[in-house]
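K.L.:
One file: my_file24.txt (compact mmCIF, N, CA and C atoms).
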# COMPACT_ATOMS: atom_id res chain seq x y z
N MET A 1 -10.02 -23.91 15.70
CA MET A 1 -9.65 -22.52 15.56
C MET A 1 -8.37 -22.44 14.73
N PRO A 2 -8.33 -21.58 13.68
CA PRO A 2 -7.15 -21.49 12.84
C PRO A 2 -5.96 -20.90 13.61
N ALA A 3 -4.77 -21.33 13.23
CA ALA A 3 -3.56 -20.81 13.86
C ALA A 3 -3.38 -19.34 13.49
N ARG A 4 -2.94 -18.57 14.45
CA ARG A 4 -2.70 -17.15 14.21
C ARG A 4 -1.26 -16.93 13.76
N SER A 5 -1.12 -16.12 12.75
CA SER A 5 0.21 -15.77 12.27
C SER A 5 0.79 -14.70 13.18
N ARG A 6 1.99 -14.88 13.63
CA ARG A 6 2.64 -13.90 14.50
C ARG A 6 3.69 -13.11 13.72
N GLU A 7 3.68 -13.24 12.41
CA GLU A 7 4.61 -12.52 11.56
C GLU A 7 4.04 -11.14 11.25
N VAL A 8 4.89 -10.14 11.30
CA VAL A 8 4.46 -8.78 11.00
C VAL A 8 4.25 -8.65 9.49
N GLY A 9 3.07 -8.22 9.10
CA GLY A 9 2.75 -8.06 7.69
C GLY A 9 3.10 -6.66 7.20
N GLU A 10 2.70 -6.38 5.96
CA GLU A 10 3.01 -5.07 5.36
C GLU A 10 2.38 -3.93 6.14
N LEU A 11 1.12 -4.08 6.52
CA LEU A 11 0.44 -3.02 7.26
C LEU A 11 1.10 -2.81 8.61
N GLY A 12 1.43 -3.89 9.30
CA GLY A 12 2.09 -3.78 10.60
C GLY A 12 3.46 -3.13 10.49
N SER A 13 4.19 -3.44 9.42
CA SER A 13 5.50 -2.82 9.19
C SER A 13 5.36 -1.32 8.95
N ALA A 14 4.33 -0.95 8.19
CA ALA A 14 4.10 0.47 7.92
C ALA A 14 3.73 1.21 9.21
N VAL A 15 2.89 0.58 10.05
CA VAL A 15 2.53 1.18 11.34
C VAL A 15 3.79 1.36 12.18
N ALA A 16 4.64 0.36 12.21
CA ALA A 16 5.88 0.43 13.00
C ALA A 16 6.75 1.59 12.53
N ARG A 17 6.87 1.78 11.21
CA ARG A 17 7.68 2.89 10.68
C ARG A 17 7.09 4.24 11.10
N ILE A 18 5.79 4.36 11.01
CA ILE A 18 5.13 5.62 11.40
C ILE A 18 5.37 5.91 12.88
N LEU A 19 5.20 4.89 13.72
CA LEU A 19 5.39 5.09 15.16
C LEU A 19 6.85 5.39 15.49
N ALA A 20 7.78 4.69 14.84
CA ALA A 20 9.21 4.93 15.09
C ALA A 20 9.60 6.34 14.67
N ASP A 21 9.11 6.78 13.52
CA ASP A 21 9.40 8.15 13.07
C ASP A 21 8.81 9.17 14.03
N ALA A 22 7.60 8.93 14.51
CA ALA A 22 6.95 9.85 15.44
C ALA A 22 7.71 9.91 16.76
N ARG A 23 8.21 8.76 17.22
CA ARG A 23 8.98 8.74 18.46
C ARG A 23 10.29 9.50 18.28
N ASP A 24 10.93 9.32 17.13
CA ASP A 24 12.17 10.06 16.85
C ASP A 24 11.92 11.56 16.85
N ARG A 25 10.85 11.98 16.18
CA ARG A 25 10.51 13.41 16.12
C ARG A 25 10.17 13.98 17.50
N SER A 26 9.55 13.16 18.32
CA SER A 26 9.12 13.64 19.64
C SER A 26 10.29 13.80 20.62
N GLY A 27 11.38 13.10 20.36
CA GLY A 27 12.51 13.14 21.27
C GLY A 27 12.34 12.23 22.48
N LEU A 28 11.25 11.48 22.49
CA LEU A 28 10.96 10.56 23.60
C LEU A 28 11.90 9.35 23.50
N SER A 29 12.58 9.02 24.58
CA SER A 29 13.43 7.83 24.59
C SER A 29 12.54 6.59 24.70
N LEU A 30 13.13 5.43 24.41
CA LEU A 30 12.36 4.19 24.56
C LEU A 30 11.94 3.98 26.01
N ARG A 31 12.80 4.33 26.96
CA ARG A 31 12.45 4.20 28.39
C ARG A 31 11.27 5.10 28.73
N GLU A 32 11.28 6.33 28.22
CA GLU A 32 10.17 7.25 28.48
C GLU A 32 8.90 6.75 27.80
N ALA A 33 9.03 6.22 26.60
CA ALA A 33 7.87 5.67 25.90
C ALA A 33 7.30 4.48 26.67
N GLU A 34 8.19 3.68 27.25
CA GLU A 34 7.76 2.55 28.08
C GLU A 34 6.96 3.04 29.28
N GLU A 35 7.49 4.04 29.96
CA GLU A 35 6.82 4.55 31.16
C GLU A 35 5.46 5.16 30.83
N VAL A 36 5.40 5.95 29.77
CA VAL A 36 4.16 6.64 29.43
C VAL A 36 3.12 5.68 28.86
N SER A 37 3.55 4.73 28.04
CA SER A 37 2.60 3.83 27.37
C SER A 37 2.22 2.62 28.21
N GLY A 38 3.12 2.20 29.10
CA GLY A 38 2.87 0.98 29.86
C GLY A 38 3.24 -0.28 29.09
N VAL A 39 3.81 -0.12 27.91
CA VAL A 39 4.28 -1.26 27.11
C VAL A 39 5.74 -1.47 27.47
N GLY A 40 6.13 -2.72 27.73
CA GLY A 40 7.50 -3.03 28.15
C GLY A 40 8.55 -2.55 27.17
N PHE A 41 9.74 -2.23 27.71
CA PHE A 41 10.84 -1.69 26.92
C PHE A 41 11.20 -2.60 25.75
N THR A 42 11.43 -3.87 26.03
CA THR A 42 11.82 -4.82 24.97
C THR A 42 10.72 -4.95 23.94
N GLN A 43 9.48 -5.00 24.40
CA GLN A 43 8.35 -5.13 23.49
C GLN A 43 8.21 -3.92 22.58
N ILE A 44 8.29 -2.73 23.16
CA ILE A 44 8.14 -1.52 22.35
C ILE A 44 9.31 -1.39 21.37
N GLN A 45 10.50 -1.79 21.81
CA GLN A 45 11.67 -1.75 20.93
C GLN A 45 11.45 -2.67 19.72
N LYS A 46 10.97 -3.89 19.96
CA LYS A 46 10.71 -4.83 18.86
C LYS A 46 9.59 -4.33 17.95
N MET A 47 8.56 -3.75 18.55
CA MET A 47 7.44 -3.25 17.76
C MET A 47 7.87 -2.13 16.82
N LEU A 48 8.65 -1.20 17.32
CA LEU A 48 9.06 -0.06 16.51
C LEU A 48 10.08 -0.45 15.44
N LYS A 49 10.72 -1.60 15.60
CA LYS A 49 11.62 -2.12 14.57
C LYS A 49 10.85 -2.97 13.56
N GLY A 50 9.57 -3.23 13.83
CA GLY A 50 8.77 -4.06 12.94
C GLY A 50 9.03 -5.54 13.12
N ALA A 51 9.56 -5.92 14.29
CA ALA A 51 9.90 -7.31 14.55
C ALA A 51 8.85 -8.02 15.41
N LYS A 52 7.85 -7.28 15.90
CA LYS A 52 6.80 -7.87 16.73
C LYS A 52 5.46 -7.27 16.33
N VAL A 53 4.46 -8.13 16.23
CA VAL A 53 3.10 -7.70 15.91
C VAL A 53 2.60 -6.77 17.03
N ILE A 54 1.95 -5.69 16.64
CA ILE A 54 1.39 -4.74 17.59
C ILE A 54 -0.10 -5.01 17.71
N THR A 55 -0.56 -5.25 18.94
CA THR A 55 -2.00 -5.44 19.14
C THR A 55 -2.68 -4.07 19.13
N LEU A 56 -3.98 -4.09 19.01
CA LEU A 56 -4.73 -2.83 19.02
C LEU A 56 -4.56 -2.08 20.34
N ASP A 57 -4.54 -2.81 21.44
CA ASP A 57 -4.35 -2.17 22.74
C ASP A 57 -2.97 -1.52 22.83
N GLU A 58 -1.95 -2.23 22.35
CA GLU A 58 -0.60 -1.67 22.36
C GLU A 58 -0.52 -0.46 21.44
N LEU A 59 -1.15 -0.55 20.29
CA LEU A 59 -1.17 0.58 19.36
C LEU A 59 -1.80 1.80 20.04
N GLY A 60 -2.92 1.59 20.70
CA GLY A 60 -3.58 2.69 21.41
C GLY A 60 -2.70 3.30 22.47
N SER A 61 -2.02 2.46 23.25
CA SER A 61 -1.14 2.97 24.32
C SER A 61 0.05 3.74 23.77
N ILE A 62 0.66 3.20 22.72
CA ILE A 62 1.82 3.87 22.13
C ILE A 62 1.39 5.19 21.48
N CYS A 63 0.26 5.16 20.79
CA CYS A 63 -0.25 6.40 20.17
C CYS A 63 -0.56 7.45 21.22
N ASP A 64 -1.13 7.04 22.34
CA ASP A 64 -1.39 7.99 23.43
C ASP A 64 -0.09 8.60 23.92
N ALA A 65 0.95 7.78 24.07
CA ALA A 65 2.24 8.26 24.55
C ALA A 65 2.86 9.25 23.57
N LEU A 66 2.60 9.05 22.27
CA LEU A 66 3.19 9.90 21.23
C LEU A 66 2.24 11.00 20.77
N ASP A 67 1.08 11.08 21.43
CA ASP A 67 0.05 12.07 21.09
C ASP A 67 -0.39 11.92 19.64
N LEU A 68 -0.66 10.67 19.24
CA LEU A 68 -1.14 10.35 17.89
C LEU A 68 -2.53 9.75 17.96
N ASP A 69 -3.26 9.88 16.87
CA ASP A 69 -4.57 9.25 16.74
C ASP A 69 -4.34 7.89 16.08
N PRO A 70 -4.68 6.78 16.76
CA PRO A 70 -4.43 5.46 16.18
C PRO A 70 -5.14 5.25 14.84
N VAL A 71 -6.31 5.84 14.66
CA VAL A 71 -7.03 5.71 13.40
C VAL A 71 -6.24 6.37 12.28
N GLU A 72 -5.69 7.55 12.55
CA GLU A 72 -4.88 8.25 11.54
C GLU A 72 -3.60 7.48 11.23
N VAL A 73 -3.02 6.86 12.24
CA VAL A 73 -1.81 6.04 12.01
C VAL A 73 -2.15 4.89 11.08
N LEU A 74 -3.27 4.22 11.33
CA LEU A 74 -3.68 3.11 10.46
C LEU A 74 -3.99 3.58 9.05
N ARG A 75 -4.65 4.73 8.92
CA ARG A 75 -4.94 5.26 7.58
C ARG A 75 -3.66 5.56 6.82
N GLU A 76 -2.71 6.19 7.49
CA GLU A 76 -1.44 6.52 6.83
C GLU A 76 -0.69 5.24 6.46
N ALA A 77 -0.71 4.26 7.34
CA ALA A 77 -0.04 2.98 7.04
C ALA A 77 -0.69 2.30 5.84
N GLN A 78 -2.01 2.32 5.78
CA GLN A 78 -2.72 1.72 4.66
C GLN A 78 -2.37 2.44 3.36
N LYS A 79 -2.26 3.75 3.42
CA LYS A 79 -1.88 4.53 2.25
C LYS A 79 -0.47 4.15 1.78
N MET A 80 0.44 3.97 2.72
CA MET A 80 1.82 3.57 2.38
C MET A 80 1.83 2.22 1.69
N VAL A 81 1.04 1.27 2.20
CA VAL A 81 0.98 -0.07 1.61
C VAL A 81 0.42 0.00 0.19
N ARG A 82 -0.64 0.77 0.00
CA ARG A 82 -1.24 0.91 -1.34
C ARG A 82 -0.25 1.50 -2.33
N GLU A 83 0.48 2.53 -1.90
CA GLU A 83 1.46 3.16 -2.79
C GLU A 83 2.55 2.17 -3.17
N ARG A 84 2.98 1.36 -2.22
CA ARG A 84 4.01 0.35 -2.50
C ARG A 84 3.47 -0.70 -3.46
N GLU A 85 2.20 -1.10 -3.28
CA GLU A 85 1.60 -2.08 -4.19
C GLU A 85 1.49 -1.52 -5.60
N ARG A 86 1.13 -0.26 -5.72
CA ARG A 86 1.04 0.37 -7.04
C ARG A 86 2.40 0.39 -7.72
N ALA A 87 3.44 0.70 -6.96
CA ALA A 87 4.79 0.73 -7.52
C ALA A 87 5.20 -0.67 -7.97
N GLU A 88 4.80 -1.70 -7.23
CA GLU A 88 5.14 -3.08 -7.60
C GLU A 88 4.43 -3.47 -8.89
N VAL A 89 3.20 -3.03 -9.09
CA VAL A 89 2.48 -3.35 -10.32
C VAL A 89 3.22 -2.77 -11.52
N VAL A 90 3.69 -1.54 -11.39
CA VAL A 90 4.42 -0.92 -12.49
C VAL A 90 5.71 -1.66 -12.73
N GLN A 91 6.42 -2.05 -11.67
CA GLN A 91 7.66 -2.80 -11.83
C GLN A 91 7.41 -4.13 -12.52
N LEU A 92 6.35 -4.81 -12.15
CA LEU A 92 6.02 -6.08 -12.80
C LEU A 92 5.74 -5.85 -14.28
N GLY A 93 5.03 -4.79 -14.59
CA GLY A 93 4.71 -4.47 -15.97
C GLY A 93 5.95 -4.23 -16.81
N GLU A 94 6.94 -3.63 -16.23
CA GLU A 94 8.16 -3.33 -16.97
C GLU A 94 8.93 -4.61 -17.30
N ARG A 95 8.69 -5.68 -16.57
CA ARG A 95 9.44 -6.92 -16.79
C ARG A 95 8.74 -7.90 -17.73
N ARG A 96 7.49 -7.66 -18.07
CA ARG A 96 6.75 -8.60 -18.90
C ARG A 96 7.16 -8.45 -20.36
N ALA A 97 7.70 -9.49 -20.94
CA ALA A 97 8.17 -9.44 -22.33
C ALA A 97 7.01 -9.50 -23.33
N ASP A 98 5.87 -10.06 -22.94
CA ASP A 98 4.77 -10.21 -23.88
C ASP A 98 3.96 -8.92 -24.06
N TRP A 99 4.25 -7.88 -23.26
CA TRP A 99 3.57 -6.61 -23.43
C TRP A 99 4.42 -5.71 -24.32
N SER A 100 3.80 -5.02 -25.23
CA SER A 100 4.56 -4.14 -26.12
C SER A 100 5.28 -3.08 -25.32
N GLU A 101 6.50 -2.79 -25.70
CA GLU A 101 7.36 -1.80 -25.05
C GLU A 101 7.55 -2.09 -23.56
N GLY A 102 7.37 -3.35 -23.15
CA GLY A 102 7.62 -3.73 -21.77
C GLY A 102 6.58 -3.27 -20.78
N LEU A 103 5.46 -2.72 -21.24
CA LEU A 103 4.42 -2.25 -20.32
C LEU A 103 3.14 -3.04 -20.52
N PRO A 104 2.33 -3.20 -19.46
CA PRO A 104 1.09 -3.97 -19.58
C PRO A 104 0.03 -3.19 -20.35
N PRO A 105 -0.96 -3.91 -20.89
CA PRO A 105 -2.09 -3.20 -21.51
C PRO A 105 -2.71 -2.26 -20.48
N LEU A 106 -3.10 -1.08 -20.91
CA LEU A 106 -3.59 -0.07 -19.99
C LEU A 106 -4.78 -0.54 -19.16
N GLU A 107 -5.70 -1.25 -19.77
CA GLU A 107 -6.88 -1.70 -19.03
C GLU A 107 -6.48 -2.62 -17.89
N GLU A 108 -5.53 -3.54 -18.16
CA GLU A 108 -5.11 -4.48 -17.12
C GLU A 108 -4.37 -3.75 -16.01
N LEU A 109 -3.48 -2.85 -16.37
CA LEU A 109 -2.73 -2.09 -15.38
C LEU A 109 -3.67 -1.24 -14.53
N ALA A 110 -4.61 -0.58 -15.16
CA ALA A 110 -5.56 0.26 -14.43
C ALA A 110 -6.38 -0.56 -13.46
N ALA A 111 -6.80 -1.74 -13.86
CA ALA A 111 -7.61 -2.58 -12.99
C ALA A 111 -6.79 -3.06 -11.79
N GLN A 112 -5.49 -3.29 -11.98
CA GLN A 112 -4.65 -3.75 -10.88
C GLN A 112 -4.30 -2.63 -9.92
N VAL A 113 -4.12 -1.44 -10.42
CA VAL A 113 -3.69 -0.32 -9.60
C VAL A 113 -4.80 0.20 -8.71
N GLU A 114 -6.00 0.36 -9.27
CA GLU A 114 -7.08 0.95 -8.50
C GLU A 114 -8.41 0.40 -9.00
N PRO A 115 -9.21 -0.19 -8.10
CA PRO A 115 -10.51 -0.70 -8.53
C PRO A 115 -11.34 0.41 -9.17
N GLY A 116 -11.95 0.09 -10.30
CA GLY A 116 -12.77 1.06 -11.01
C GLY A 116 -12.00 1.91 -11.99
N ALA A 117 -10.67 1.84 -11.94
CA ALA A 117 -9.86 2.67 -12.83
C ALA A 117 -9.99 2.22 -14.28
N ASP A 118 -10.30 0.92 -14.49
CA ASP A 118 -10.45 0.44 -15.86
C ASP A 118 -11.65 1.10 -16.54
N GLU A 119 -12.73 1.34 -15.79
CA GLU A 119 -13.88 2.03 -16.36
C GLU A 119 -13.54 3.49 -16.68
N GLU A 120 -12.78 4.12 -15.78
CA GLU A 120 -12.38 5.51 -16.02
C GLU A 120 -11.48 5.59 -17.25
N LEU A 121 -10.57 4.62 -17.40
CA LEU A 121 -9.70 4.60 -18.57
C LEU A 121 -10.52 4.42 -19.83
N ALA A 122 -11.53 3.54 -19.76
CA ALA A 122 -12.38 3.31 -20.92
C ALA A 122 -13.09 4.60 -21.33
N GLU A 123 -13.55 5.37 -20.36
CA GLU A 123 -14.24 6.62 -20.67
C GLU A 123 -13.29 7.64 -21.31
N THR A 124 -12.07 7.71 -20.80
CA THR A 124 -11.14 8.72 -21.32
C THR A 124 -10.54 8.33 -22.66
N THR A 125 -10.49 7.03 -22.98
CA THR A 125 -9.89 6.61 -24.25
C THR A 125 -10.94 6.33 -25.32
N GLY A 126 -12.20 6.28 -24.94
CA GLY A 126 -13.25 6.01 -25.92
C GLY A 126 -13.49 4.52 -26.15
N TRP A 127 -12.89 3.67 -25.34
CA TRP A 127 -13.06 2.22 -25.48
C TRP A 127 -14.44 1.82 -25.02
N ARG A 128 -15.13 0.98 -25.80
CA ARG A 128 -16.45 0.48 -25.42
C ARG A 128 -16.47 -1.02 -25.60
N ALA A 129 -16.90 -1.72 -24.56
CA ALA A 129 -16.90 -3.18 -24.59
C ALA A 129 -17.81 -3.73 -25.68
N ASP A 130 -18.91 -3.03 -25.96
CA ASP A 130 -19.85 -3.57 -26.93
C ASP A 130 -19.34 -3.46 -28.37
N LEU A 131 -18.28 -2.68 -28.58
CA LEU A 131 -17.73 -2.53 -29.92
C LEU A 131 -16.36 -3.20 -30.07
N GLY A 132 -15.90 -3.87 -29.05
CA GLY A 132 -14.62 -4.57 -29.13
C GLY A 132 -13.54 -3.83 -28.37
N GLU A 133 -12.36 -4.40 -28.38
CA GLU A 133 -11.28 -3.86 -27.59
C GLU A 133 -10.54 -2.72 -28.25
N GLU A 134 -10.73 -2.50 -29.54
CA GLU A 134 -10.04 -1.42 -30.21
C GLU A 134 -10.71 -0.09 -29.88
N SER A 135 -9.94 0.95 -29.83
CA SER A 135 -10.49 2.27 -29.57
C SER A 135 -11.35 2.69 -30.76
N GLN A 136 -12.51 3.27 -30.47
CA GLN A 136 -13.38 3.72 -31.54
C GLN A 136 -12.99 5.11 -32.01
N ASP A 137 -12.05 5.75 -31.32
CA ASP A 137 -11.63 7.09 -31.68
C ASP A 137 -10.54 7.12 -32.74
N ILE A 138 -9.79 6.05 -32.86
CA ILE A 138 -8.66 6.03 -33.78
C ILE A 138 -8.93 5.02 -34.89
N PRO A 139 -9.11 5.47 -36.10
CA PRO A 139 -9.35 4.51 -37.20
C PRO A 139 -8.04 3.84 -37.59
N TYR A 140 -8.10 2.52 -37.70
CA TYR A 140 -6.93 1.75 -38.11
C TYR A 140 -7.18 1.17 -39.49
N GLY A 141 -6.17 1.19 -40.32
CA GLY A 141 -6.27 0.55 -41.61
C GLY A 141 -6.20 -0.95 -41.45
N GLU A 142 -6.62 -1.67 -42.45
CA GLU A 142 -6.62 -3.13 -42.35
C GLU A 142 -5.21 -3.69 -42.21
N ASP A 143 -4.22 -3.01 -42.78
CA ASP A 143 -2.87 -3.54 -42.72
C ASP A 143 -2.10 -3.02 -41.49
N GLU A 144 -2.68 -2.13 -40.70
CA GLU A 144 -1.99 -1.61 -39.52
C GLU A 144 -2.36 -2.46 -38.31
N SER A 145 -1.37 -2.75 -37.51
CA SER A 145 -1.64 -3.49 -36.27
C SER A 145 -1.73 -2.50 -35.14
N LEU A 146 -2.35 -2.93 -34.07
CA LEU A 146 -2.49 -2.09 -32.90
C LEU A 146 -1.16 -2.07 -32.24
Show me this structure written as structure tokens.

P.N.:
Amino acid sequence: MPARSREVGELGSAVARILADARDRSGLSLREAEEVSGVGFTQIQKMLKGAKVITLDELGSICDALDLDPVEVLREAQKMVRERERAEVVQLGERRADWSEGLPPLEELAAQVEPGADEELAETTGWRADLGEESQDIPYGEDESL
């Protein structure tokens, strides 16, 4: 059986932030959250700081205490992670010296940001794989570079 990682990942950190913000908004103290959820004080404190992995059962109990839907919490956390990943792709693109003007080729960036976005970009720019990588909408002279 493979070893389990007990380190909080990006999704777990996002869930912890959502739960901590919800607890702050609710005005519920950690002691009250402990009593209502049945999750120990030290454990809930570590979870909301993102220092301890939250199990599904614990997530359900904490969400019940905060009157949250655990599925919605996970969806929001996943959205936060995706947005952070998209921002990282743009930051990486700005640092690449081999890309003109410090930005990645649009097709590569689109493919990294959102699956299927490269096809959408191809449709909007007129790029067709069967005719090569140059846009068929913009005529280039022989002496002009892309």

K.L.:
Rounded to one decimal in Å, what is the spacing between CA of Leu48 in chain A and atom C of Leu68 in chain A?

P.N.:
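Taking CA of Leu48 in chain A and atom C of Leu68 in chain A, their separation equals 15.3 Å.
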
K.L.:
Which is closer to Arg6 in chain A than all the others in A:Ala65, A:Ala87, A:Ala33, A:Ile54, using only C-alpha atoms?

P.N.:
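When distances to Arg6 in chain A are compared using only C-alpha atoms, the smallest one comes from A:Ile54.
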
K.L.:
Could you tell me which of A:Asp69, A:Glu76, A:Asp64, A:Glu32 comes closest to Arg17 in chain A if we count only C-alpha atoms?

P.N.:
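Of A:Asp69, A:Glu76, A:Asp64, A:Glu32, the one nearest Arg17 in chain A, counting only C-alpha atoms, is A:Glu76.
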
K.L.:
Measure the distance from CA of Met80 in chain A to CA of Arg31 in chain A in Å and round it to one decimal.

P.N.:
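One can read the CA of Met80 in chain A to CA of Arg31 in chain A distance as 28.1 Å.
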
K.L.:
For a quick check of understanding, using all atoms listed in the file, which of A:Ala22, A:Leu28, A:Val8, A:Val36 has the smallest distance to Gly50 in chain A?

P.N.:
A:Val8

K.L.:
What does the distance between CA of Ser26 in chain A and CA of Val73 in chain A come to in Å, to one decimal place?

P.N.:
15.3 Å

K.L.:
Based on the backbone DSSP call, show me all residues of range 53-89 of chain A assigned helix (DSSP H, G or I), as a PyMOL selection string.

P.N.:
chain A and resi 56-65+70-89

K.L.:
Calculated over only C-alpha atoms, which of the candidates A:Val71, A:Val81, A:Val53, A:Leu66 has the smallest distance to Arg25 in chain A?

P.N.:
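Closest candidate: A:Leu66.
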
K.L.:
Do a neighbour search on Lys49 in chain A at 6 Å with only N, CA and C atoms, toss out local chain neighbours closer than 4 positions, and write the hits as a ChimeraX atom specification.

P.N.:
/A:16,44-45
